[in-house]
file structure-v1.cif (mmCIF, C-alpha atoms)
data_entry
loop_
_atom_site.group_PDB
_atom_site.id
_atom_site.type_symbol
_atom_site.label_atom_id
_atom_site.label_comp_id
_atom_site.auth_asym_id
_atom_site.auth_seq_id
_atom_site.Cartn_x
_atom_site.Cartn_y
_atom_site.Cartn_z
ATOM 1 C CA MET A 1 -3.591 -12.071 -4.930
ATOM 2 C CA LEU A 2 -4.514 -15.611 -5.774
ATOM 3 C CA PRO A 3 -6.739 -17.549 -3.377
ATOM 4 C CA LEU A 4 -4.400 -20.023 -1.719
ATOM 5 C CA GLY A 5 -4.665 -23.044 0.577
ATOM 6 C CA GLU A 6 -2.732 -23.169 3.877
ATOM 7 C CA GLY A 7 0.354 -24.925 2.444
ATOM 8 C CA GLU A 8 0.389 -22.599 -0.543
ATOM 9 C CA LYS A 9 0.140 -19.578 1.769
ATOM 10 C CA ASN A 10 3.317 -20.677 3.558
ATOM 11 C CA GLU A 11 5.101 -21.115 0.211
ATOM 12 C CA GLU A 12 3.940 -17.682 -0.914
ATOM 13 C CA LYS A 13 5.187 -16.163 2.372
ATOM 14 C CA SER A 14 8.526 -17.871 1.714
ATOM 15 C CA LEU A 15 8.634 -16.352 -1.778
ATOM 16 C CA MET A 16 7.724 -12.899 -0.477
ATOM 17 C CA ALA A 17 10.219 -13.059 2.388
ATOM 18 C CA SER A 18 12.989 -14.310 0.083
ATOM 19 C CA VAL A 19 12.384 -11.565 -2.471
ATOM 20 C CA ALA A 20 12.158 -8.897 0.260
ATOM 21 C CA GLU A 21 15.465 -10.109 1.704
ATOM 22 C CA VAL A 22 17.186 -9.815 -1.707
ATOM 23 C CA VAL A 23 15.783 -6.304 -2.216
ATOM 24 C CA GLU A 24 16.844 -5.113 1.241
ATOM 25 C CA ARG A 25 20.339 -6.635 0.895
ATOM 26 C CA LEU A 26 20.755 -4.419 -2.165
ATOM 27 C CA GLY A 27 19.971 -1.369 -0.008
ATOM 28 C CA TYR A 28 16.413 -0.700 -1.134
ATOM 29 C CA GLU A 29 13.164 -0.660 0.801
ATOM 30 C CA CYS A 30 10.879 -3.513 -0.225
ATOM 31 C CA VAL A 31 7.459 -1.850 -0.262
ATOM 32 C CA HIS A 32 5.519 -4.879 -1.522
ATOM 33 C CA VAL A 33 5.850 -8.298 -3.132
ATOM 34 C CA GLY A 34 2.727 -9.818 -4.638
ATOM 35 C CA VAL A 35 1.694 -12.578 -7.021
ATOM 36 C CA LYS A 36 -1.214 -11.691 -9.302
ATOM 37 C CA THR A 37 -2.784 -13.138 -12.432
ATOM 38 C CA ASP A 38 -2.803 -11.285 -15.744
ATOM 39 C CA SER A 39 -5.126 -13.146 -18.118
ATOM 40 C CA VAL A 40 -3.218 -16.430 -18.515
ATOM 41 C CA ARG A 41 0.130 -15.690 -16.870
ATOM 42 C CA LEU A 42 1.201 -14.932 -13.341
ATOM 43 C CA ARG A 43 2.865 -11.657 -12.485
ATOM 44 C CA LEU A 44 5.333 -11.278 -9.629
ATOM 45 C CA GLN A 45 5.153 -7.610 -8.676
ATOM 46 C CA VAL A 46 7.983 -6.105 -6.616
ATOM 47 C CA LEU A 47 7.689 -2.480 -5.469
ATOM 48 C CA ILE A 48 10.931 -0.863 -4.285
ATOM 49 C CA ASP A 49 11.878 2.524 -2.883
ATOM 50 C CA SER A 50 14.864 4.423 -1.519
ATOM 51 C CA MET A 51 15.505 7.809 0.056
ATOM 52 C CA GLY A 52 16.659 9.311 -3.252
ATOM 53 C CA GLY A 53 13.847 7.777 -5.280
ATOM 54 C CA ILE A 54 14.001 4.989 -7.858
ATOM 55 C CA ASN A 55 15.286 5.072 -11.427
ATOM 56 C CA VAL A 56 15.409 2.532 -14.252
ATOM 57 C CA GLN A 57 18.883 1.296 -13.246
ATOM 58 C CA ASP A 58 17.613 0.557 -9.717
ATOM 59 C CA CYS A 59 14.750 -1.517 -11.139
ATOM 60 C CA GLU A 60 17.174 -3.344 -13.440
ATOM 61 C CA THR A 61 19.546 -4.131 -10.537
ATOM 62 C CA VAL A 62 16.730 -5.536 -8.414
ATOM 63 C CA SER A 63 15.216 -7.412 -11.363
ATOM 64 C CA ARG A 64 18.505 -9.203 -12.086
ATOM 65 C CA ALA A 65 18.996 -10.150 -8.419
ATOM 66 C CA VAL A 66 15.403 -11.413 -8.045
ATOM 67 C CA ASN A 67 15.735 -13.365 -11.314
ATOM 68 C CA ARG A 68 18.858 -15.091 -9.931
ATOM 69 C CA LEU A 69 16.903 -16.018 -6.778
ATOM 70 C CA LEU A 70 13.989 -17.385 -8.819
ATOM 71 C CA ASP A 71 16.380 -19.406 -11.018
ATOM 72 C CA GLU A 72 18.147 -20.903 -7.975
ATOM 73 C CA ARG A 73 15.043 -21.824 -5.958
ATOM 74 C CA ASP A 74 11.869 -23.611 -6.975
ATOM 75 C CA PHE A 75 8.848 -21.591 -5.842
ATOM 76 C CA THR A 76 5.784 -23.668 -6.743
ATOM 77 C CA GLU A 77 3.475 -20.633 -6.900
ATOM 78 C CA LEU A 78 5.526 -19.477 -9.924
ATOM 79 C CA SER A 79 5.443 -22.746 -11.857
ATOM 80 C CA GLY A 80 4.975 -22.167 -15.541
ATOM 81 C CA ARG A 81 5.307 -18.816 -17.267
ATOM 82 C CA TYR A 82 5.266 -15.581 -15.303
ATOM 83 C CA TYR A 83 6.267 -11.949 -15.598
ATOM 84 C CA LEU A 84 8.580 -10.223 -13.160
ATOM 85 C CA GLU A 85 7.666 -6.571 -12.660
ATOM 86 C CA VAL A 86 9.975 -4.355 -10.586
ATOM 87 C CA SER A 87 8.997 -0.720 -10.134
ATOM 88 C CA SER A 88 8.760 2.179 -7.739
ATOM 89 C CA PRO A 89 5.509 2.603 -5.805
ATOM 90 C CA GLY A 90 4.908 5.889 -7.665
ATOM 91 C CA LEU A 91 3.496 9.183 -6.448
ATOM 92 C CA GLU A 92 0.216 7.638 -5.307
ATOM 93 C CA ARG A 93 2.096 5.008 -3.335
ATOM 94 C CA PRO A 94 -0.002 2.016 -2.270
ATOM 95 C CA LEU A 95 -0.133 1.317 1.462
ATOM 96 C CA PHE A 96 -0.163 -2.303 2.619
ATOM 97 C CA THR A 97 0.748 -2.449 6.318
ATOM 98 C CA PRO A 98 -0.124 -0.512 9.482
ATOM 99 C CA GLY A 99 3.524 0.577 9.590
ATOM 100 C CA GLN A 100 3.246 2.109 6.122
ATOM 101 C CA TYR A 101 0.115 4.020 7.134
ATOM 102 C CA GLY A 102 1.906 5.238 10.271
ATOM 103 C CA ARG A 103 4.970 6.321 8.297
ATOM 104 C CA PHE A 104 2.808 8.661 6.211
ATOM 105 C CA ARG A 105 0.897 10.182 9.127
ATOM 106 C CA GLY A 106 -0.298 13.669 8.160
ATOM 107 C CA GLN A 107 -0.504 12.848 4.454
ATOM 108 C CA GLU A 108 -3.682 12.360 2.475
ATOM 109 C CA ALA A 109 -4.733 8.800 1.658
ATOM 110 C CA ARG A 110 -7.615 7.092 -0.139
ATOM 111 C CA ILE A 111 -8.770 3.935 1.630
ATOM 112 C CA ARG A 112 -11.076 1.348 0.045
ATOM 113 C CA LEU A 113 -12.945 -0.881 2.470
ATOM 114 C CA ASN A 114 -14.308 -4.428 2.412
ATOM 115 C CA ASN A 115 -17.073 -3.401 4.830
ATOM 116 C CA PRO A 116 -18.819 -0.027 4.747
ATOM 117 C CA VAL A 117 -18.152 2.449 7.535
ATOM 118 C CA GLU A 118 -21.137 4.725 8.021
ATOM 119 C CA GLY A 119 -22.456 3.648 4.616
ATOM 120 C CA ARG A 120 -19.226 4.356 2.697
ATOM 121 C CA LYS A 121 -16.701 1.947 1.214
ATOM 122 C CA THR A 122 -14.138 4.643 0.313
ATOM 123 C CA LEU A 123 -12.627 7.269 2.608
ATOM 124 C CA THR A 124 -10.222 10.044 1.659
ATOM 125 C CA GLY A 125 -8.490 12.018 4.364
ATOM 126 C CA SER A 126 -5.284 12.777 6.242
ATOM 127 C CA ILE A 127 -3.807 9.887 8.190
ATOM 128 C CA VAL A 128 -3.976 10.754 11.892
ATOM 129 C CA GLU A 129 -2.988 7.467 13.495
ATOM 130 C CA ALA A 130 -2.225 3.891 12.547
ATOM 131 C CA THR A 131 -1.945 0.845 14.786
ATOM 132 C CA GLU A 132 -2.113 -2.893 14.158
ATOM 133 C CA GLU A 133 -5.850 -2.685 14.949
ATOM 134 C CA ARG A 134 -7.003 0.464 13.140
ATOM 135 C CA VAL A 135 -6.265 3.466 10.950
ATOM 136 C CA VAL A 136 -7.720 6.872 11.803
ATOM 137 C CA VAL A 137 -8.187 9.476 9.049
ATOM 138 C CA PHE A 138 -9.366 13.081 9.276
ATOM 139 C CA VAL A 139 -12.016 13.556 6.573
ATOM 140 C CA GLU A 140 -11.841 17.258 5.775
ATOM 141 C CA GLU A 141 -15.235 17.543 4.033
ATOM 142 C CA GLU A 142 -16.897 16.216 7.181
ATOM 143 C CA GLU A 143 -14.475 17.979 9.538
ATOM 144 C CA ARG A 144 -14.054 14.876 11.687
ATOM 145 C CA GLU A 145 -12.015 11.748 12.212
ATOM 146 C CA VAL A 146 -13.094 8.278 11.181
ATOM 147 C CA ALA A 147 -11.519 5.142 12.664
ATOM 148 C CA VAL A 148 -11.393 2.038 10.456
ATOM 149 C CA PRO A 149 -10.489 -1.456 11.680
ATOM 150 C CA PHE A 150 -7.320 -2.432 9.791
ATOM 151 C CA GLN A 151 -8.738 -5.809 8.733
ATOM 152 C CA TRP A 152 -11.565 -3.966 6.911
ATOM 153 C CA ILE A 153 -9.105 -2.204 4.595
ATOM 154 C CA LYS A 154 -9.165 -3.688 1.101
ATOM 155 C CA SER A 155 -6.551 -1.281 -0.307
ATOM 156 C CA GLY A 156 -5.133 2.145 0.311
ATOM 157 C CA ASN A 157 -2.831 4.631 -1.339
ATOM 158 C CA LEU A 158 -1.443 8.118 -0.879
ATOM 159 C CA VAL A 159 -3.193 10.886 -2.806
ATOM 160 C CA TYR A 160 -0.986 13.132 -4.923
ATOM 161 C CA ARG A 161 -2.373 16.601 -5.487
ATOM 162 C CA GLY A 162 0.592 17.884 -7.504
ATOM 163 C CA LEU A 163 0.429 21.458 -8.579
ATOM 164 C CA GLU A 164 -3.346 21.739 -8.329
ATOM 165 C CA GLN A 165 -4.474 25.072 -7.069
ATOM 166 C CA GLU A 166 -6.433 24.737 -3.895
ATOM 167 C CA ALA A 167 -9.866 26.274 -3.890
ATOM 168 C CA PRO A 168 -10.089 29.291 -1.613
ATOM 169 C CA ARG A 169 -11.214 28.235 1.817
ATOM 170 C CA GLY A 170 -13.520 30.592 3.538
ATOM 171 C CA LYS A 171 -15.646 29.873 6.551
ATOM 172 C CA LYS A 172 -18.516 27.685 5.443
ATOM 173 C CA LYS A 173 -21.960 28.629 6.569
ATOM 174 C CA GLY A 174 -22.690 26.570 9.667
ATOM 175 C CA ALA A 175 -19.162 25.072 9.721
ATOM 176 C CA LYS A 176 -18.069 23.394 12.914
ATOM 177 C CA PRO A 177 -15.085 24.708 14.858
ATOM 178 C CA PRO A 178 -11.787 22.855 14.279
ATOM 179 C CA VAL A 179 -11.823 19.339 15.644
ATOM 180 C CA GLU A 180 -9.059 18.148 17.945
ATOM 181 C CA HIS A 181 -7.269 15.226 16.267
ATOM 182 C CA ARG A 182 -7.877 12.337 18.666
ATOM 183 C CA GLY A 183 -8.873 8.817 17.595
ATOM 184 C CA ARG A 184 -12.523 7.924 17.992
ATOM 185 C CA GLU A 185 -14.022 4.438 17.990
ATOM 186 C CA LEU A 186 -16.618 3.410 15.398
#

call {"tool": "encode", "arguments": {"input": "structure-v1.cif", "output": "structure tokens"}}
result
Amino acid sequence: MLPLGEGEKNEEKSLMASVAEVVERLGYECVHVGVKTDSVRLRLQVLIDSMGGINVQDCETVSRAVNRLLDERDFTELSGRYYLEVSSPGLERPLFTPGQYGRFRGQEARIRLNNPVEGRKTLTGSIVEATEERVVVFVEEEEREVAVPFQWIKSGNLVYRGLEQEAPRGKKKGAKPPVEHRGREL
């Protein structure tokens, strides 16, 4: 995202809300709308999803509708040349909101942090709980839960393991008994 002043933030929210409304009117889930810079040009990124998945025709439909919106309205944050990118979130879907983390409870996620938690700026584990204030993940290697304040999350995404064969899991020497999955404060 671009660093924006207060007035520009409101305009960007208007752009994001307008694009999300167009996407949802077409029957798709609007996963994310973001304005980023690519070398010299701006890029308006729109991530969409639906129950049956996303194909090229879905992206084309949304792209045409968003283009019409952008032609009709003057969004100052897109003055000049820009790219419009419409795509699915992919297998390693990025997570942006507490609601998105909560929706994928039980699935593995990689979370990058602005502030270290217990000396680490990246956590990978199963999502146990997500609220407006925090996300709790079960870190399997450590056999425990770690709670992260939501505002400390820089980025997060689901982890796709595909058809990888899991390593055999025997009892580790000195392993702790299973931990009950309850949120724990930092």

call {"tool": "resolve_selection", "arguments": {"input": "structure-v1.cif", "expression": "the PyMOL selection byres ((chain A and resi 92-100) around 8)", "output": "short mmCIF file (atom, residue, chain, number, x, y, z; two decimals) with C-alpha atoms, keeping the file's coordinate frame"}}
result
data_model
loop_
_atom_site.label_atom_id
_atom_site.label_comp_id
_atom_site.auth_asym_id
_atom_site.auth_seq_id
_atom_site.Cartn_x
_atom_site.Cartn_y
_atom_site.Cartn_z
CA HIS A 32 5.52 -4.88 -1.52
CA PRO A 89 5.51 2.60 -5.80
CA GLY A 90 4.91 5.89 -7.66
CA LEU A 91 3.50 9.18 -6.45
CA TYR A 101 0.12 4.02 7.13
CA GLY A 102 1.91 5.24 10.27
CA ARG A 103 4.97 6.32 8.30
CA PHE A 104 2.81 8.66 6.21
CA ALA A 130 -2.22 3.89 12.55
CA THR A 131 -1.94 0.84 14.79
CA GLU A 132 -2.11 -2.89 14.16
CA ARG A 134 -7.00 0.46 13.14
CA VAL A 135 -6.26 3.47 10.95
CA PHE A 150 -7.32 -2.43 9.79
CA SER A 155 -6.55 -1.28 -0.31
CA GLY A 156 -5.13 2.14 0.31
CA ASN A 157 -2.83 4.63 -1.34
CA LEU A 158 -1.44 8.12 -0.88
CA VAL A 159 -3.19 10.89 -2.81
CA TYR A 160 -0.99 13.13 -4.92
#

call {"tool": "closest_residue", "arguments": {"input": "structure-v1.cif", "among": "A:Ala20, A:Val148, A:Val128, A:Leu26", "to": "Asn114 in chain A", "atoms": "only C-alpha atoms"}}
result
A:Val148

call {"tool": "atom_distance", "arguments": {"input": "structure-v1.cif", "atom1": "CA of Gly125 in chain A", "atom2": "CA of Ser87 in chain A"}}
result
26.0 Å

call {"tool": "residues_around", "arguments": {"input": "structure-v1.cif", "residues": "Ile127 in chain A", "least_positions_apart": "3", "cutoff": "6 Å", "atoms": "all atoms listed in the file", "output": "ChimeraX atom specification"}}
result
/A:105-107,137

call {"tool": "write_last_selection", "arguments": {"input": "structure-v1.cif", "atoms": "C-alpha atoms", "output": "CSV table (one decimal), in the frame of the given file"}}
result
chain,number,residue,atom,x,y,z
A,105,ARG,CA,0.9,10.2,9.1
A,106,GLY,CA,-0.3,13.7,8.2
A,107,GLN,CA,-0.5,12.8,4.5
A,137,VAL,CA,-8.2,9.5,9.0

call {"tool": "closest_residue", "arguments": {"input": "structure-v1.cif", "among": "A:Leu113, A:Val35, A:Val139, A:Val40", "to": "Thr76 in chain A", "atoms": "all atoms listed in the file"}}
result
A:Val35

call {"tool": "decode", "arguments": {"input": "structure-v1.cif", "residues": "range 91-129 of chain A", "atoms": "N, CA and C atoms", "output": "PDB file, in the first residue's frame"}}
result
ATOM      1  N   LEU A  91      -4.095 -20.824  -4.044  1.00  0.00           N
ATOM      2  CA  LEU A  91      -4.094 -21.871  -3.030  1.00  0.00           C
ATOM      3  C   LEU A  91      -3.551 -21.378  -1.694  1.00  0.00           C
ATOM      4  N   GLU A  92      -2.540 -20.524  -1.738  1.00  0.00           N
ATOM      5  CA  GLU A  92      -1.988 -19.973  -0.499  1.00  0.00           C
ATOM      6  C   GLU A  92      -2.605 -18.593  -0.281  1.00  0.00           C
ATOM      7  N   ARG A  93      -3.914 -18.621  -0.143  1.00  0.00           N
ATOM      8  CA  ARG A  93      -4.759 -17.434  -0.038  1.00  0.00           C
ATOM      9  C   ARG A  93      -4.244 -16.466   1.026  1.00  0.00           C
ATOM     10  N   PRO A  94      -4.068 -15.188   0.663  1.00  0.00           N
ATOM     11  CA  PRO A  94      -3.695 -14.210   1.683  1.00  0.00           C
ATOM     12  C   PRO A  94      -4.874 -13.940   2.614  1.00  0.00           C
ATOM     13  N   LEU A  95      -4.564 -13.614   3.847  1.00  0.00           N
ATOM     14  CA  LEU A  95      -5.578 -13.317   4.860  1.00  0.00           C
ATOM     15  C   LEU A  95      -5.380 -11.867   5.287  1.00  0.00           C
ATOM     16  N   PHE A  96      -6.464 -11.083   5.261  1.00  0.00           N
ATOM     17  CA  PHE A  96      -6.352  -9.656   5.528  1.00  0.00           C
ATOM     18  C   PHE A  96      -7.116  -9.197   6.760  1.00  0.00           C
ATOM     19  N   THR A  97      -8.199  -9.883   7.105  1.00  0.00           N
ATOM     20  CA  THR A  97      -9.074  -9.412   8.186  1.00  0.00           C
ATOM     21  C   THR A  97      -9.231 -10.483   9.258  1.00  0.00           C
ATOM     22  N   PRO A  98      -9.614 -10.089  10.465  1.00  0.00           N
ATOM     23  CA  PRO A  98      -9.890 -11.099  11.504  1.00  0.00           C
ATOM     24  C   PRO A  98     -10.954 -12.097  11.051  1.00  0.00           C
ATOM     25  N   GLY A  99     -11.943 -11.618  10.308  1.00  0.00           N
ATOM     26  CA  GLY A  99     -12.989 -12.516   9.802  1.00  0.00           C
ATOM     27  C   GLY A  99     -12.436 -13.574   8.870  1.00  0.00           C
ATOM     28  N   GLN A 100     -11.463 -13.209   8.046  1.00  0.00           N
ATOM     29  CA  GLN A 100     -10.852 -14.186   7.138  1.00  0.00           C
ATOM     30  C   GLN A 100     -10.049 -15.218   7.917  1.00  0.00           C
ATOM     31  N   TYR A 101      -9.344 -14.780   8.960  1.00  0.00           N
ATOM     32  CA  TYR A 101      -8.620 -15.745   9.798  1.00  0.00           C
ATOM     33  C   TYR A 101      -9.617 -16.696  10.460  1.00  0.00           C
ATOM     34  N   GLY A 102     -10.714 -16.145  10.983  1.00  0.00           N
ATOM     35  CA  GLY A 102     -11.722 -16.967  11.646  1.00  0.00           C
ATOM     36  C   GLY A 102     -12.371 -17.957  10.701  1.00  0.00           C
ATOM     37  N   ARG A 103     -12.605 -17.553   9.476  1.00  0.00           N
ATOM     38  CA  ARG A 103     -13.233 -18.427   8.476  1.00  0.00           C
ATOM     39  C   ARG A 103     -12.388 -19.675   8.211  1.00  0.00           C
ATOM     40  N   PHE A 104     -11.073 -19.528   8.330  1.00  0.00           N
ATOM     41  CA  PHE A 104     -10.177 -20.657   8.039  1.00  0.00           C
ATOM     42  C   PHE A 104      -9.614 -21.291   9.306  1.00  0.00           C
ATOM     43  N   ARG A 105     -10.392 -21.204  10.387  1.00  0.00           N
ATOM     44  CA  ARG A 105     -10.002 -21.846  11.647  1.00  0.00           C
ATOM     45  C   ARG A 105      -9.751 -23.331  11.379  1.00  0.00           C
ATOM     46  N   GLY A 106      -8.661 -23.850  11.953  1.00  0.00           N
ATOM     47  CA  GLY A 106      -8.293 -25.250  11.764  1.00  0.00           C
ATOM     48  C   GLY A 106      -7.320 -25.464  10.621  1.00  0.00           C
ATOM     49  N   GLN A 107      -7.148 -24.471   9.760  1.00  0.00           N
ATOM     50  CA  GLN A 107      -6.219 -24.600   8.646  1.00  0.00           C
ATOM     51  C   GLN A 107      -4.880 -23.957   8.997  1.00  0.00           C
ATOM     52  N   GLU A 108      -3.854 -24.415   8.304  1.00  0.00           N
ATOM     53  CA  GLU A 108      -2.506 -23.917   8.569  1.00  0.00           C
ATOM     54  C   GLU A 108      -2.294 -22.570   7.892  1.00  0.00           C
ATOM     55  N   ALA A 109      -1.666 -21.647   8.619  1.00  0.00           N
ATOM     56  CA  ALA A 109      -1.375 -20.320   8.095  1.00  0.00           C
ATOM     57  C   ALA A 109       0.042 -19.909   8.468  1.00  0.00           C
ATOM     58  N   ARG A 110       0.625 -19.057   7.624  1.00  0.00           N
ATOM     59  CA  ARG A 110       1.926 -18.442   7.907  1.00  0.00           C
ATOM     60  C   ARG A 110       1.638 -16.968   8.171  1.00  0.00           C
ATOM     61  N   ILE A 111       2.086 -16.486   9.319  1.00  0.00           N
ATOM     62  CA  ILE A 111       1.812 -15.107   9.723  1.00  0.00           C
ATOM     63  C   ILE A 111       3.133 -14.374   9.910  1.00  0.00           C
ATOM     64  N   ARG A 112       3.283 -13.250   9.206  1.00  0.00           N
ATOM     65  CA  ARG A 112       4.465 -12.399   9.336  1.00  0.00           C
ATOM     66  C   ARG A 112       4.091 -11.213  10.217  1.00  0.00           C
ATOM     67  N   LEU A 113       4.978 -10.881  11.145  1.00  0.00           N
ATOM     68  CA  LEU A 113       4.663  -9.888  12.164  1.00  0.00           C
ATOM     69  C   LEU A 113       5.503  -8.622  12.023  1.00  0.00           C
ATOM     70  N   ASN A 114       4.914  -7.497  12.425  1.00  0.00           N
ATOM     71  CA  ASN A 114       5.662  -6.237  12.498  1.00  0.00           C
ATOM     72  C   ASN A 114       6.552  -6.225  13.730  1.00  0.00           C
ATOM     73  N   ASN A 115       6.061  -6.814  14.819  1.00  0.00           N
ATOM     74  CA  ASN A 115       6.798  -6.880  16.083  1.00  0.00           C
ATOM     75  C   ASN A 115       7.052  -8.338  16.423  1.00  0.00           C
ATOM     76  N   PRO A 116       8.238  -8.677  16.890  1.00  0.00           N
ATOM     77  CA  PRO A 116       8.505 -10.077  17.225  1.00  0.00           C
ATOM     78  C   PRO A 116       7.682 -10.547  18.425  1.00  0.00           C
ATOM     79  N   VAL A 117       7.261 -11.792  18.354  1.00  0.00           N
ATOM     80  CA  VAL A 117       6.608 -12.463  19.475  1.00  0.00           C
ATOM     81  C   VAL A 117       7.565 -13.562  19.898  1.00  0.00           C
ATOM     82  N   GLU A 118       8.045 -13.460  21.122  1.00  0.00           N
ATOM     83  CA  GLU A 118       9.010 -14.424  21.645  1.00  0.00           C
ATOM     84  C   GLU A 118      10.201 -14.564  20.704  1.00  0.00           C
ATOM     85  N   GLY A 119      10.671 -13.422  20.173  1.00  0.00           N
ATOM     86  CA  GLY A 119      11.859 -13.400  19.336  1.00  0.00           C
ATOM     87  C   GLY A 119      11.644 -13.783  17.882  1.00  0.00           C
ATOM     88  N   ARG A 120      10.410 -14.067  17.478  1.00  0.00           N
ATOM     89  CA  ARG A 120      10.160 -14.500  16.094  1.00  0.00           C
ATOM     90  C   ARG A 120       9.227 -13.529  15.390  1.00  0.00           C
ATOM     91  N   LYS A 121       9.520 -13.297  14.098  1.00  0.00           N
ATOM     92  CA  LYS A 121       8.663 -12.414  13.303  1.00  0.00           C
ATOM     93  C   LYS A 121       7.806 -13.194  12.310  1.00  0.00           C
ATOM     94  N   THR A 122       7.941 -14.527  12.302  1.00  0.00           N
ATOM     95  CA  THR A 122       7.102 -15.378  11.453  1.00  0.00           C
ATOM     96  C   THR A 122       6.642 -16.568  12.276  1.00  0.00           C
ATOM     97  N   LEU A 123       5.337 -16.851  12.192  1.00  0.00           N
ATOM     98  CA  LEU A 123       4.754 -18.015  12.859  1.00  0.00           C
ATOM     99  C   LEU A 123       4.015 -18.843  11.821  1.00  0.00           C
ATOM    100  N   THR A 124       4.129 -20.160  11.910  1.00  0.00           N
ATOM    101  CA  THR A 124       3.355 -21.046  11.058  1.00  0.00           C
ATOM    102  C   THR A 124       2.656 -22.041  11.967  1.00  0.00           C
ATOM    103  N   GLY A 125       1.335 -22.115  11.810  1.00  0.00           N
ATOM    104  CA  GLY A 125       0.570 -23.036  12.638  1.00  0.00           C
ATOM    105  C   GLY A 125      -0.892 -23.030  12.248  1.00  0.00           C
ATOM    106  N   SER A 126      -1.664 -23.895  12.893  1.00  0.00           N
ATOM    107  CA  SER A 126      -3.098 -23.995  12.639  1.00  0.00           C
ATOM    108  C   SER A 126      -3.828 -22.874  13.361  1.00  0.00           C
ATOM    109  N   ILE A 127      -4.743 -22.244  12.666  1.00  0.00           N
ATOM    110  CA  ILE A 127      -5.529 -21.162  13.266  1.00  0.00           C
ATOM    111  C   ILE A 127      -6.508 -21.769  14.262  1.00  0.00           C
ATOM    112  N   VAL A 128      -6.419 -21.329  15.513  1.00  0.00           N
ATOM    113  CA  VAL A 128      -7.281 -21.824  16.578  1.00  0.00           C
ATOM    114  C   VAL A 128      -8.449 -20.870  16.801  1.00  0.00           C
ATOM    115  N   GLU A 129      -8.142 -19.583  16.791  1.00  0.00           N
ATOM    116  CA  GLU A 129      -9.136 -18.567  17.129  1.00  0.00           C
ATOM    117  C   GLU A 129      -8.738 -17.254  16.484  1.00  0.00           C
TER     118      GLU A 129
END
